[in-house]
Amino acid sequence: MSRIFTPKVVTANALLEGDVVYLAEDGAWVRRLDEAELIEDEAIAQLRLIDAQSQPDRVVGPYLAEARASQQGPVPGHFREGFRAAGPSNRNHGKQADLTDV
Amino acid sequence: MYDQTEFDRDFLKTRAAQFRQQVARRIDGSLTEEEFRPLRLMNGLYLQLHAYMLRVAIPYGTLNSDQLRTLAMIAERWDKGYGHMTTRQNIQYNWPKLADVPDILDALAEVGMHAVQTSGNTIRNVTADPYAGAAADEIADPRPVAELVRQWSTDHPEFQFLPRKFKIAVTGAEADRAILKVHDIGLQLVERDGVIGARVLVGGGLGRTPLLGEELRDYVSMDELLPYIEAVLAAYNIAGRRDNKYKARIKITLREEGMEALKEQVEARFAERRGIYPNAVAELERIEKGFAKPVYKDAPTVAHFNALTDRGYAEWAETNLVSHANPDYAIVRVSLKGRGATPGDITADQMRALADLADEIGHGEIRVGQDQNLILPHVHRGDLPALRAALEGIALAEANTGLVTDITACPGMDYCTLATARSIPVAQGLADRLRPIERELGQVTIKISGCINACGHHHLGHIGILGLDRAGVETYQITLGGDPSADTALGERTGPGFAYDEVVPAIERILRAYLALRKAPSETFLQAVRRLGTGPFKEALYEEQKDAA
């Protein structure tokens with residue numbers, strides 16, 4: 001039996017900075033998870049991933065990450081994605097300190 | 001310090017120039033990520049959770065003051081103002097940008113440093129006793145041998161694509177401060193009939209399958225050392241499993257083939273290679289000249305003894321000083337585990353100030369320990385009070401080395417893409433909780449890894465903590481009875497793990513039990529575990545679950 005698809009976002013690391021980035025609905029790469037496109041359809045998710053994989057000049061290692069809907073936009077579906085979205089928990093010097101578009 | 005040759009300088013410059021071209025070709029799209037990845041890894045560049053990470057080798061853990069200043073400059077100019085000391089005598093920068101890495105490698109090459117072979121399936125940075133050349137119990141300084149092995153292994157064409165990574169450590173004392181038994185090859189310098197040679201251990205390692213190294217040869221003479229270890233690598237390169245990365249280390253090859261079969265293969269390869277490095281002993285002698293003992297000064301030591309009346313100074317002296325071969329000198333352990341610190345992190349300002357102190361009163365030398373602390377190996381006892389005062393000024397005078405707050409922790413899920421849970425905040429939480437009783441507890445070593453790969457050496461902690469992802473929840477397994485010393489031992493798992501917010505009180509219960517169970521304050525935690533077994537400690541650890549049942 002196939003597994004039920006759960007919502008995803010497309011995420012990767014930016015080629016030049018290595019920074020965590022997310023694919024937005026308009027196709028832009030953004031640094032904030034809450035600005036990412038939350039994809040609730042599996043076929044669309046695969047298409048979006050293929051689109052991301054076709055941009056090796058901009059990003060490295062794109063994949064689909066678990067996420068959930070919230071009023072503020074997507075939120076992490078797993079604690080690992082939570083740290084990727086927020087930055088390291090030991091110092092306030094990662095993504096928390098500087099959030100701008102790619 | 002090692003005197004670099006023109007060959008060394010040219011090699012590093014050429015290698016940095018090559019990597020500059022490779023980065024440019026990746027950025028302009030000429031290289032795909034699949035093509036670029038092995039090239040960047042050969043130069044120590046990882047892509048981690050939030051950013052690139054550059055791992056720079058500190059061969060045999062030895063730095064001079066100019067090198068430390070360069071590391072500070074790199075931290076400030078191309079990173080976020082700090083570096084992270086690892087458990088294998090490397091420094092990691094957590095935030096370099098891809099386009100800046102060639103400039104960083106150029107800056108490193110200017111002071112004879114590099115990131116070559118700090119990643120990939122090749123021979124990694126050669127590590128050594130961090131007290132080398134200073135320890136009172138040493139029969140020979142291991143660094144010249146480590147440097148010889150570094151030269152031999154660097155860019156060795158036969159060993160750039162091994163079945164898996166390969167780690168070598170060297171020590172020159174009975175007291176093993178280089179953890180030889182958890183290395184693929186451990187070299188212990190020994191004396192036979194007045195001649196220094198090497199005892200060769202093989203097949204140790206931590207990670208998913210922790211195993212302790214075993215003796216392959218009790219003595220190899222210096223003229224045969226390189227051909228002999230090359231024979232070990234050659235045998236492993238053929239016999240090592242390439243079909244399963246979890247079975248690819250030589251520790252598995254040894255257990256699958258058996259010691260006698262491995263020895264036969266090594267001896268066969270050795271017979272072919274004997275004599276292939278006829279100039280190795282001459283090169284070793286050249287290297288040794290660079291590691292001559294400093295010119296020790298003859299001066300009164302009374303300032304140190306007078307200062308012992310101050311409680312803070314006496315506590316620092318008790319934990320952070322180690323006997324030096326010269327009784328008027330001390331080896332000073334500089335704790336990178338101060339209040340609120342991330343274990344192993346040091347800021348650019350601290351690096352620069354420490355480099356100045358090393359020049360003023362430490363013969364210009366700094367060492368990096370496998371415990372993520374720094375060391376000033378040669379400090380005259382008369383200079384110790386001034387040194388401690390200066391260290392206080394840069395927040396590096398924490399009097400805790402070897403105590404329970406001196407926790408080893410890998411970067412864990414705060415930085416590492418392989419991690420399954422966080423390590424750093426667990427270390428910080430434990431240090432905060434246990435600091436009030438750290439002196440009462442005495443010598444206790446806690447080591448934390450954020451995944452099964454065991455970069456935090458959790459198997460070797462008197463108390464080990466392994467962070468795992470259990471159904472989407474950070475969960476921590478505890479081991480007891482590990483030992484990183486010459487009596488190397490792997491800890492025994494206690495039982496079910498603990499959630500993130502439960503692990504600090506759980507460890508405290510173990511340690512409170514120790515205080516209640518020990519025969520006397522002189523019985524250390526490890527001695528108590530060995531005397532009583534893990535049973536009473538497990539009982540204390542799981543008492544809440546029992547009460548709830």
# chains A, B, ... in the order shown; residues from 1 in each chain; ligands from 1
>>> residues_around(residues="Glu40 of chain A", least_positions_apart="3", cutoff="10 Å", atoms="only C-alpha atoms", output="list of chain:residue names")
A:Phe5, A:Thr6, A:Pro7, A:Lys8, A:Val9, A:Glu37, A:Ala43, A:Ile44, A:Ala45, A:Ala67, A:Arg68, A:Ala69
>>> interface_residues(of="chain A", to="chain B", cutoff="9 Å", atoms="only C-alpha atoms", output="list in words")
Asn13, Ala14, Leu15, Leu16, Glu17, Gly18, Asp19, Val20, Pro56, Asp57, Arg58, Val60, Gly61, His78, Phe79, Arg80, Phe83, Arg84, Ala85, Gly87, Pro88, Ser89, Asn90, Arg91, His93, Gly94 and Lys95 of chain A
>>> write_last_selection(atoms="N, CA and C atoms", output="mmCIF file, in the first residue's frame")
data_model
loop_
_atom_site.group_PDB
_atom_site.id
_atom_site.type_symbol
_atom_site.label_atom_id
_atom_site.label_comp_id
_atom_site.auth_asym_id
_atom_site.auth_seq_id
_atom_site.Cartn_x
_atom_site.Cartn_y
_atom_site.Cartn_z
ATOM 1 N N ASN A 13 20.622 23.813 -0.312
ATOM 2 C CA ASN A 13 21.585 24.809 0.156
ATOM 3 C C ASN A 13 22.005 25.659 -1.040
ATOM 4 N N ALA A 14 22.141 26.962 -0.816
ATOM 5 C CA ALA A 14 22.580 27.850 -1.892
ATOM 6 C C ALA A 14 24.013 27.508 -2.279
ATOM 7 N N LEU A 15 24.290 27.507 -3.568
ATOM 8 C CA LEU A 15 25.624 27.110 -4.033
ATOM 9 C C LEU A 15 26.723 27.998 -3.456
ATOM 10 N N LEU A 16 26.551 29.300 -3.501
ATOM 11 C CA LEU A 16 27.650 30.192 -3.138
ATOM 12 C C LEU A 16 27.838 30.322 -1.641
ATOM 13 N N GLU A 17 26.734 30.456 -0.889
ATOM 14 C CA GLU A 17 26.854 30.666 0.565
ATOM 15 C C GLU A 17 26.681 29.390 1.356
ATOM 16 N N GLY A 18 26.051 28.387 0.755
ATOM 17 C CA GLY A 18 25.732 27.167 1.508
ATOM 18 C C GLY A 18 24.502 27.329 2.374
ATOM 19 N N ASP A 19 23.880 28.507 2.334
ATOM 20 C CA ASP A 19 22.749 28.823 3.197
ATOM 21 C C ASP A 19 21.522 27.962 2.850
ATOM 22 N N VAL A 20 20.703 27.667 3.863
ATOM 23 C CA VAL A 20 19.473 26.905 3.635
ATOM 24 C C VAL A 20 18.490 27.774 2.853
ATOM 25 N N PRO A 56 21.468 23.546 -10.830
ATOM 26 C CA PRO A 56 22.706 23.283 -10.075
ATOM 27 C C PRO A 56 23.626 24.499 -9.992
ATOM 28 N N ASP A 57 23.343 25.520 -10.810
ATOM 29 C CA ASP A 57 24.141 26.750 -10.731
ATOM 30 C C ASP A 57 23.701 27.624 -9.566
ATOM 31 N N ARG A 58 22.601 27.270 -8.919
ATOM 32 C CA ARG A 58 22.098 28.097 -7.806
ATOM 33 C C ARG A 58 22.056 27.351 -6.492
ATOM 34 N N VAL A 60 22.406 23.370 -4.173
ATOM 35 C CA VAL A 60 23.027 22.055 -4.036
ATOM 36 C C VAL A 60 22.092 21.155 -3.230
ATOM 37 N N GLY A 61 21.931 19.932 -3.700
ATOM 38 C CA GLY A 61 21.239 18.898 -2.928
ATOM 39 C C GLY A 61 19.777 19.160 -2.622
ATOM 40 N N HIS A 78 9.836 18.310 11.146
ATOM 41 C CA HIS A 78 10.792 17.474 11.889
ATOM 42 C C HIS A 78 11.782 18.416 12.554
ATOM 43 N N PHE A 79 12.331 17.981 13.692
ATOM 44 C CA PHE A 79 13.220 18.900 14.425
ATOM 45 C C PHE A 79 14.466 19.275 13.621
ATOM 46 N N ARG A 80 14.939 18.346 12.758
ATOM 47 C CA ARG A 80 16.107 18.677 11.927
ATOM 48 C C ARG A 80 15.787 19.880 11.033
ATOM 49 N N PHE A 83 15.904 23.140 12.937
ATOM 50 C CA PHE A 83 17.233 23.750 13.103
ATOM 51 C C PHE A 83 17.723 24.345 11.789
ATOM 52 N N ARG A 84 17.393 23.675 10.666
ATOM 53 C CA ARG A 84 17.805 24.247 9.375
ATOM 54 C C ARG A 84 17.095 25.585 9.147
ATOM 55 N N ALA A 85 15.843 25.658 9.570
ATOM 56 C CA ALA A 85 15.070 26.888 9.341
ATOM 57 C C ALA A 85 15.500 28.018 10.266
ATOM 58 N N GLY A 87 18.529 28.089 12.330
ATOM 59 C CA GLY A 87 19.953 28.280 12.629
ATOM 60 C C GLY A 87 20.334 27.504 13.868
ATOM 61 N N PRO A 88 21.633 27.449 14.194
ATOM 62 C CA PRO A 88 22.091 26.676 15.346
ATOM 63 C C PRO A 88 21.446 27.149 16.647
ATOM 64 N N SER A 89 21.185 26.213 17.549
ATOM 65 C CA SER A 89 20.514 26.603 18.798
ATOM 66 C C SER A 89 21.492 27.104 19.851
ATOM 67 N N ASN A 90 22.798 26.957 19.613
ATOM 68 C CA ASN A 90 23.762 27.367 20.646
ATOM 69 C C ASN A 90 24.182 28.819 20.530
ATOM 70 N N ARG A 91 23.985 29.427 19.354
ATOM 71 C CA ARG A 91 24.361 30.830 19.170
ATOM 72 C C ARG A 91 23.344 31.480 18.243
ATOM 73 N N HIS A 93 23.574 33.259 15.660
ATOM 74 C CA HIS A 93 24.421 33.835 14.619
ATOM 75 C C HIS A 93 24.202 33.164 13.264
ATOM 76 N N GLY A 94 23.138 32.398 13.169
ATOM 77 C CA GLY A 94 22.855 31.746 11.902
ATOM 78 C C GLY A 94 21.750 32.485 11.189
ATOM 79 N N LYS A 95 20.811 31.702 10.697
ATOM 80 C CA LYS A 95 19.709 32.269 9.941
ATOM 81 C C LYS A 95 18.905 33.267 10.778
#
>>> residues_around(residues="Gly481 of chain B", least_positions_apart="4", cutoff="10 Å", atoms="only C-alpha atoms", output="MDAnalysis selection string")
chainID B and resid 445 459:464 489:493 525:530 533:534
>>> write_last_selection(atoms="N, CA and C atoms", output="short mmCIF file (atom, residue, chain, number, x, y, z; two decimals), in the first residue's frame")
data_model
loop_
_atom_site.label_atom_id
_atom_site.label_comp_id
_atom_site.auth_asym_id
_atom_site.auth_seq_id
_atom_site.Cartn_x
_atom_site.Cartn_y
_atom_site.Cartn_z
N THR B 445 34.81 12.13 33.10
CA THR B 445 34.82 12.56 31.70
C THR B 445 33.49 12.22 31.04
N HIS B 459 31.78 6.66 23.17
CA HIS B 459 32.11 5.33 23.71
C HIS B 459 33.22 5.40 24.75
N LEU B 460 34.06 6.46 24.68
CA LEU B 460 35.22 6.55 25.56
C LEU B 460 34.96 7.39 26.80
N GLY B 461 33.79 8.00 26.89
CA GLY B 461 33.49 8.79 28.08
C GLY B 461 33.28 7.89 29.29
N HIS B 462 33.74 8.34 30.45
CA HIS B 462 33.36 7.61 31.67
C HIS B 462 31.83 7.53 31.68
N ILE B 463 31.24 8.65 31.25
CA ILE B 463 29.82 8.66 30.91
C ILE B 463 29.73 9.10 29.45
N GLY B 464 29.14 8.27 28.63
CA GLY B 464 28.99 8.60 27.22
C GLY B 464 27.53 8.87 26.91
N ALA B 489 38.87 1.69 27.14
CA ALA B 489 37.70 0.81 27.29
C ALA B 489 36.50 1.49 26.64
N LEU B 490 35.61 0.65 26.13
CA LEU B 490 34.37 1.15 25.54
C LEU B 490 33.26 1.08 26.57
N GLY B 491 32.46 2.11 26.64
CA GLY B 491 31.39 2.14 27.63
C GLY B 491 30.31 1.11 27.35
N GLU B 492 29.61 0.77 28.42
CA GLU B 492 28.52 -0.21 28.32
C GLU B 492 27.19 0.53 28.33
N ARG B 493 26.32 0.20 27.38
CA ARG B 493 25.03 0.89 27.29
C ARG B 493 24.16 0.54 28.48
N PHE B 525 35.18 8.26 39.81
CA PHE B 525 33.95 7.71 39.25
C PHE B 525 34.24 6.41 38.50
N LEU B 526 35.28 6.44 37.67
CA LEU B 526 35.59 5.26 36.86
C LEU B 526 35.99 4.08 37.75
N GLN B 527 36.76 4.37 38.78
CA GLN B 527 37.14 3.29 39.71
C GLN B 527 35.90 2.71 40.39
N ALA B 528 34.97 3.58 40.74
CA ALA B 528 33.74 3.10 41.40
C ALA B 528 32.92 2.23 40.46
N VAL B 529 32.85 2.63 39.18
CA VAL B 529 32.10 1.83 38.20
C VAL B 529 32.79 0.47 38.04
N ARG B 530 34.11 0.49 38.02
CA ARG B 530 34.84 -0.79 37.85
C ARG B 530 34.68 -1.68 39.08
N GLY B 533 30.54 -2.37 39.23
CA GLY B 533 29.77 -2.70 38.03
C GLY B 533 28.79 -1.58 37.75
N THR B 534 28.07 -1.69 36.65
CA THR B 534 27.17 -0.59 36.28
C THR B 534 25.81 -0.69 36.98
#
>>> residues_around(residues="Leu441 of chain B", least_positions_apart="2", cutoff="10 Å", atoms="only C-alpha atoms", output="PDB file with C-alpha atoms, in the first residue's frame")
ATOM      1  CA  LEU B 403      36.451  17.684  35.641  1.00  0.00           C
ATOM      2  CA  VAL B 404      32.860  16.900  34.818  1.00  0.00           C
ATOM      3  CA  LEU B 434      27.039  20.082  37.503  1.00  0.00           C
ATOM      4  CA  ARG B 435      29.332  23.067  37.999  1.00  0.00           C
ATOM      5  CA  PRO B 436      28.381  23.496  41.696  1.00  0.00           C
ATOM      6  CA  ILE B 437      29.577  19.948  42.451  1.00  0.00           C
ATOM      7  CA  GLU B 438      32.391  19.576  39.916  1.00  0.00           C
ATOM      8  CA  ARG B 439      35.181  19.666  42.522  1.00  0.00           C
ATOM      9  CA  GLN B 443      37.828  13.358  37.626  1.00  0.00           C
ATOM     10  CA  VAL B 444      34.819  12.474  35.477  1.00  0.00           C
ATOM     11  CA  LEU B 511      26.701  11.212  39.545  1.00  0.00           C
ATOM     12  CA  ARG B 512      24.740  11.683  42.782  1.00  0.00           C
ATOM     13  CA  TYR B 514      28.492   7.896  42.672  1.00  0.00           C
ATOM     14  CA  LEU B 515      28.880  10.401  45.506  1.00  0.00           C
ATOM     15  CA  PRO B 521      36.637  10.914  47.794  1.00  0.00           C
ATOM     16  CA  SER B 522      39.858   9.456  46.408  1.00  0.00           C
ATOM     17  CA  GLU B 523      37.928   6.752  44.545  1.00  0.00           C
ATOM     18  CA  THR B 524      37.183   8.220  41.115  1.00  0.00           C
ATOM     19  CA  PHE B 525      33.946   7.712  39.248  1.00  0.00           C
TER      20      PHE B 525
END
>>> select_by_dssp(residues="segment 81-195 of chain B", states="strand (DSSP E)", output="mmCIF file with C-alpha atoms, in the first residue's frame")
data_model
loop_
_atom_site.group_PDB
_atom_site.id
_atom_site.type_symbol
_atom_site.label_atom_id
_atom_site.label_comp_id
_atom_site.auth_asym_id
_atom_site.auth_seq_id
_atom_site.Cartn_x
_atom_site.Cartn_y
_atom_site.Cartn_z
ATOM 1 C CA TYR B 82 35.491 32.022 15.795
ATOM 2 C CA GLY B 83 36.723 28.502 15.075
ATOM 3 C CA HIS B 84 35.858 25.106 16.489
ATOM 4 C CA MET B 85 38.524 22.672 17.733
ATOM 5 C CA ASN B 90 41.600 19.987 13.423
ATOM 6 C CA ILE B 91 39.951 23.393 13.465
ATOM 7 C CA GLN B 92 36.630 23.821 11.703
ATOM 8 C CA TYR B 93 35.167 26.993 10.303
ATOM 9 C CA THR B 127 47.411 13.049 15.260
ATOM 10 C CA ALA B 128 49.720 12.757 18.254
ATOM 11 C CA ILE B 168 46.734 7.287 12.174
ATOM 12 C CA ALA B 169 47.895 8.452 15.611
ATOM 13 C CA VAL B 170 51.357 8.469 17.189
ATOM 14 C CA THR B 171 52.475 8.642 20.798
ATOM 15 C CA ILE B 185 46.798 2.451 12.876
ATOM 16 C CA GLY B 186 48.245 3.447 16.228
ATOM 17 C CA LEU B 187 51.993 3.916 16.503
ATOM 18 C CA GLN B 188 53.533 3.795 19.971
ATOM 19 C CA LEU B 189 57.194 4.716 20.051
ATOM 20 C CA VAL B 190 59.080 2.142 22.123
ATOM 21 C CA GLU B 191 62.694 1.487 22.937
ATOM 22 C CA ARG B 192 64.453 -1.806 22.195
ATOM 23 C CA VAL B 195 66.940 2.115 19.836
#
>>> closest_residue(among="B:Leu321, B:Val149, B:Leu211, B:Ala178", to="Tyr228 of chain B", atoms="only C-alpha atoms")
B:Val149
>>> select_by_dssp(residues="segment 54-224 of chain B", states="alpha helix (DSSP H)", output="ChimeraX atom specification")
/B:65-78,101-110,143-153,222-224
>>> write_last_selection(atoms="C-alpha atoms", output="PDB file, in the first residue's frame")
ATOM      1  CA  SER B  65      51.937  31.585  17.344  1.00  0.00           C
ATOM      2  CA  ASP B  66      51.944  32.883  13.750  1.00  0.00           C
ATOM      3  CA  GLN B  67      49.769  29.995  12.660  1.00  0.00           C
ATOM      4  CA  LEU B  68      47.298  30.709  15.469  1.00  0.00           C
ATOM      5  CA  ARG B  69      47.185  34.376  14.441  1.00  0.00           C
ATOM      6  CA  THR B  70      46.425  33.300  10.886  1.00  0.00           C
ATOM      7  CA  LEU B  71      43.618  31.064  12.144  1.00  0.00           C
ATOM      8  CA  ALA B  72      42.275  34.114  14.005  1.00  0.00           C
ATOM      9  CA  MET B  73      42.509  36.273  10.897  1.00  0.00           C
ATOM     10  CA  ILE B  74      40.616  33.679   8.853  1.00  0.00           C
ATOM     11  CA  ALA B  75      37.902  33.445  11.512  1.00  0.00           C
ATOM     12  CA  GLU B  76      37.450  37.191  11.471  1.00  0.00           C
ATOM     13  CA  ARG B  77      37.795  37.899   7.759  1.00  0.00           C
ATOM     14  CA  TRP B  78      35.996  34.953   6.174  1.00  0.00           C
ATOM     15  CA  VAL B 101      37.718  29.204   0.312  1.00  0.00           C
ATOM     16  CA  PRO B 102      40.600  29.517  -2.208  1.00  0.00           C
ATOM     17  CA  ASP B 103      41.680  32.729  -0.445  1.00  0.00           C
ATOM     18  CA  ILE B 104      41.509  30.915   2.896  1.00  0.00           C
ATOM     19  CA  LEU B 105      43.679  28.096   1.550  1.00  0.00           C
ATOM     20  CA  ASP B 106      46.196  30.653   0.256  1.00  0.00           C
ATOM     21  CA  ALA B 107      46.315  32.288   3.695  1.00  0.00           C
ATOM     22  CA  LEU B 108      46.839  28.898   5.348  1.00  0.00           C
ATOM     23  CA  ALA B 109      49.605  27.989   2.898  1.00  0.00           C
ATOM     24  CA  GLU B 110      51.446  31.189   3.854  1.00  0.00           C
ATOM     25  CA  ARG B 143      55.982  14.558  16.305  1.00  0.00           C
ATOM     26  CA  PRO B 144      58.940  13.870  13.982  1.00  0.00           C
ATOM     27  CA  VAL B 145      57.480  10.436  13.210  1.00  0.00           C
ATOM     28  CA  ALA B 146      54.031  11.980  12.803  1.00  0.00           C
ATOM     29  CA  GLU B 147      55.493  14.559  10.400  1.00  0.00           C
ATOM     30  CA  LEU B 148      57.262  11.818   8.432  1.00  0.00           C
ATOM     31  CA  VAL B 149      53.976   9.930   8.162  1.00  0.00           C
ATOM     32  CA  ARG B 150      52.214  13.144   7.152  1.00  0.00           C
ATOM     33  CA  GLN B 151      54.683  13.713   4.325  1.00  0.00           C
ATOM     34  CA  TRP B 152      54.414  10.116   3.163  1.00  0.00           C
ATOM     35  CA  SER B 153      50.617  10.071   3.274  1.00  0.00           C
ATOM     36  CA  MET B 222      62.473   3.493  12.020  1.00  0.00           C
ATOM     37  CA  ASP B 223      64.112   2.651   8.688  1.00  0.00           C
ATOM     38  CA  GLU B 224      61.302   0.173   7.987  1.00  0.00           C
TER      39      GLU B 224
END
>>> atom_distance(atom1="atom CA of Ile250 of chain B", atom2="atom CA of Ile452 of chain B")
17.8 Å
>>> residues_around(residues="segment 302-305 of chain B", least_positions_apart="6", cutoff="7 Å", atoms="only C-alpha atoms", output="ChimeraX atom specification")
/B:381-382,384-385
>>> closest_residue(among="B:Val200, B:Leu41, B:Ala282, B:Ile287", to="Met1 of chain B", atoms="only C-alpha atoms")
B:Ile287
>>> residues_around(residues="Val322 of chain B", least_positions_apart="3", cutoff="12 Å", atoms="only C-alpha atoms", output="short mmCIF file (atom, residue, chain, number, x, y, z; two decimals) with C-alpha atoms, in the first residue's frame")
data_model
loop_
_atom_site.label_atom_id
_atom_site.label_comp_id
_atom_site.auth_asym_id
_atom_site.auth_seq_id
_atom_site.Cartn_x
_atom_site.Cartn_y
_atom_site.Cartn_z
CA PRO B 130 49.30 16.91 22.56
CA TYR B 131 51.96 17.01 25.30
CA ALA B 134 57.06 18.36 26.98
CA ALA B 135 55.64 15.40 28.93
CA ALA B 136 57.62 14.06 31.85
CA ASP B 137 56.84 10.44 30.95
CA TRP B 316 43.40 26.19 38.50
CA ALA B 317 46.85 24.79 39.26
CA GLU B 318 45.33 21.56 40.57
CA THR B 319 43.30 20.82 37.44
CA ALA B 325 59.88 17.04 31.70
CA ASN B 326 61.64 20.08 33.20
CA PRO B 327 60.49 20.36 36.84
CA ASP B 328 60.72 24.17 36.70
CA TYR B 329 58.15 24.15 33.88
CA ALA B 330 54.52 23.10 33.55
CA ILE B 331 52.24 22.06 30.72
CA VAL B 332 49.21 24.37 30.90
CA ARG B 333 45.81 23.18 29.78
CA VAL B 334 43.68 26.06 28.52
CA ILE B 375 47.61 23.60 25.65
CA LEU B 376 50.63 25.79 26.27
CA PRO B 377 53.28 23.07 26.51
CA HIS B 378 56.22 24.98 27.95
CA VAL B 379 55.50 27.55 30.67
CA ARG B 381 56.44 27.99 36.81
CA THR B 401 40.17 20.47 32.76
CA GLY B 402 39.49 16.81 33.53
#
>>> decode(residues="segment 262-280 of chain B", atoms="N, CA and C atoms", output="PDB file, in the first residue's frame")
ATOM      1  N   LEU B 262      45.528 -11.264   8.170  1.00  0.00           N
ATOM      2  CA  LEU B 262      45.907  -9.883   7.858  1.00  0.00           C
ATOM      3  C   LEU B 262      47.419  -9.724   7.945  1.00  0.00           C
ATOM      4  N   LYS B 263      48.007 -10.333   8.988  1.00  0.00           N
ATOM      5  CA  LYS B 263      49.468 -10.251   9.151  1.00  0.00           C
ATOM      6  C   LYS B 263      50.173 -10.839   7.921  1.00  0.00           C
ATOM      7  N   GLU B 264      49.677 -11.954   7.450  1.00  0.00           N
ATOM      8  CA  GLU B 264      50.285 -12.595   6.267  1.00  0.00           C
ATOM      9  C   GLU B 264      50.232 -11.652   5.064  1.00  0.00           C
ATOM     10  N   GLN B 265      49.065 -11.026   4.880  1.00  0.00           N
ATOM     11  CA  GLN B 265      48.923 -10.109   3.741  1.00  0.00           C
ATOM     12  C   GLN B 265      49.861  -8.912   3.892  1.00  0.00           C
ATOM     13  N   VAL B 266      49.938  -8.402   5.114  1.00  0.00           N
ATOM     14  CA  VAL B 266      50.814  -7.246   5.367  1.00  0.00           C
ATOM     15  C   VAL B 266      52.269  -7.643   5.117  1.00  0.00           C
ATOM     16  N   GLU B 267      52.664  -8.785   5.628  1.00  0.00           N
ATOM     17  CA  GLU B 267      54.061  -9.201   5.466  1.00  0.00           C
ATOM     18  C   GLU B 267      54.390  -9.421   3.987  1.00  0.00           C
ATOM     19  N   ALA B 268      53.438  -9.939   3.226  1.00  0.00           N
ATOM     20  CA  ALA B 268      53.671 -10.141   1.788  1.00  0.00           C
ATOM     21  C   ALA B 268      53.890  -8.801   1.088  1.00  0.00           C
ATOM     22  N   ARG B 269      53.055  -7.829   1.438  1.00  0.00           N
ATOM     23  CA  ARG B 269      53.205  -6.495   0.826  1.00  0.00           C
ATOM     24  C   ARG B 269      54.497  -5.836   1.322  1.00  0.00           C
ATOM     25  N   PHE B 270      54.817  -6.104   2.583  1.00  0.00           N
ATOM     26  CA  PHE B 270      56.037  -5.520   3.176  1.00  0.00           C
ATOM     27  C   PHE B 270      57.278  -6.046   2.448  1.00  0.00           C
ATOM     28  N   ALA B 271      57.272  -7.335   2.152  1.00  0.00           N
ATOM     29  CA  ALA B 271      58.429  -7.938   1.453  1.00  0.00           C
ATOM     30  C   ALA B 271      58.656  -7.249   0.106  1.00  0.00           C
ATOM     31  N   GLU B 272      57.571  -6.848  -0.538  1.00  0.00           N
ATOM     32  CA  GLU B 272      57.692  -6.167  -1.838  1.00  0.00           C
ATOM     33  C   GLU B 272      58.223  -4.737  -1.682  1.00  0.00           C
ATOM     34  N   ARG B 273      57.919  -4.134  -0.549  1.00  0.00           N
ATOM     35  CA  ARG B 273      58.164  -2.698  -0.421  1.00  0.00           C
ATOM     36  C   ARG B 273      59.361  -2.342   0.457  1.00  0.00           C
ATOM     37  N   ARG B 274      59.907  -3.303   1.110  1.00  0.00           N
ATOM     38  CA  ARG B 274      61.049  -3.056   1.988  1.00  0.00           C
ATOM     39  C   ARG B 274      62.138  -2.269   1.230  1.00  0.00           C
ATOM     40  N   GLY B 275      62.635  -1.239   1.835  1.00  0.00           N
ATOM     41  CA  GLY B 275      63.737  -0.519   1.195  1.00  0.00           C
ATOM     42  C   GLY B 275      63.325   0.522   0.163  1.00  0.00           C
ATOM     43  N   ILE B 276      62.009   0.725  -0.008  1.00  0.00           N
ATOM     44  CA  ILE B 276      61.613   1.680  -1.062  1.00  0.00           C
ATOM     45  C   ILE B 276      61.785   3.144  -0.637  1.00  0.00           C
ATOM     46  N   TYR B 277      62.006   3.369   0.645  1.00  0.00           N
ATOM     47  CA  TYR B 277      62.243   4.758   1.092  1.00  0.00           C
ATOM     48  C   TYR B 277      63.616   4.859   1.744  1.00  0.00           C
ATOM     49  N   PRO B 278      64.676   4.768   0.959  1.00  0.00           N
ATOM     50  CA  PRO B 278      66.022   4.733   1.551  1.00  0.00           C
ATOM     51  C   PRO B 278      66.410   6.025   2.269  1.00  0.00           C
ATOM     52  N   ASN B 279      65.727   7.119   1.935  1.00  0.00           N
ATOM     53  CA  ASN B 279      66.103   8.399   2.551  1.00  0.00           C
ATOM     54  C   ASN B 279      65.232   8.763   3.751  1.00  0.00           C
ATOM     55  N   ALA B 280      64.360   7.828   4.163  1.00  0.00           N
ATOM     56  CA  ALA B 280      63.398   8.172   5.219  1.00  0.00           C
ATOM     57  C   ALA B 280      64.092   8.511   6.541  1.00  0.00           C
TER      58      ALA B 280
END
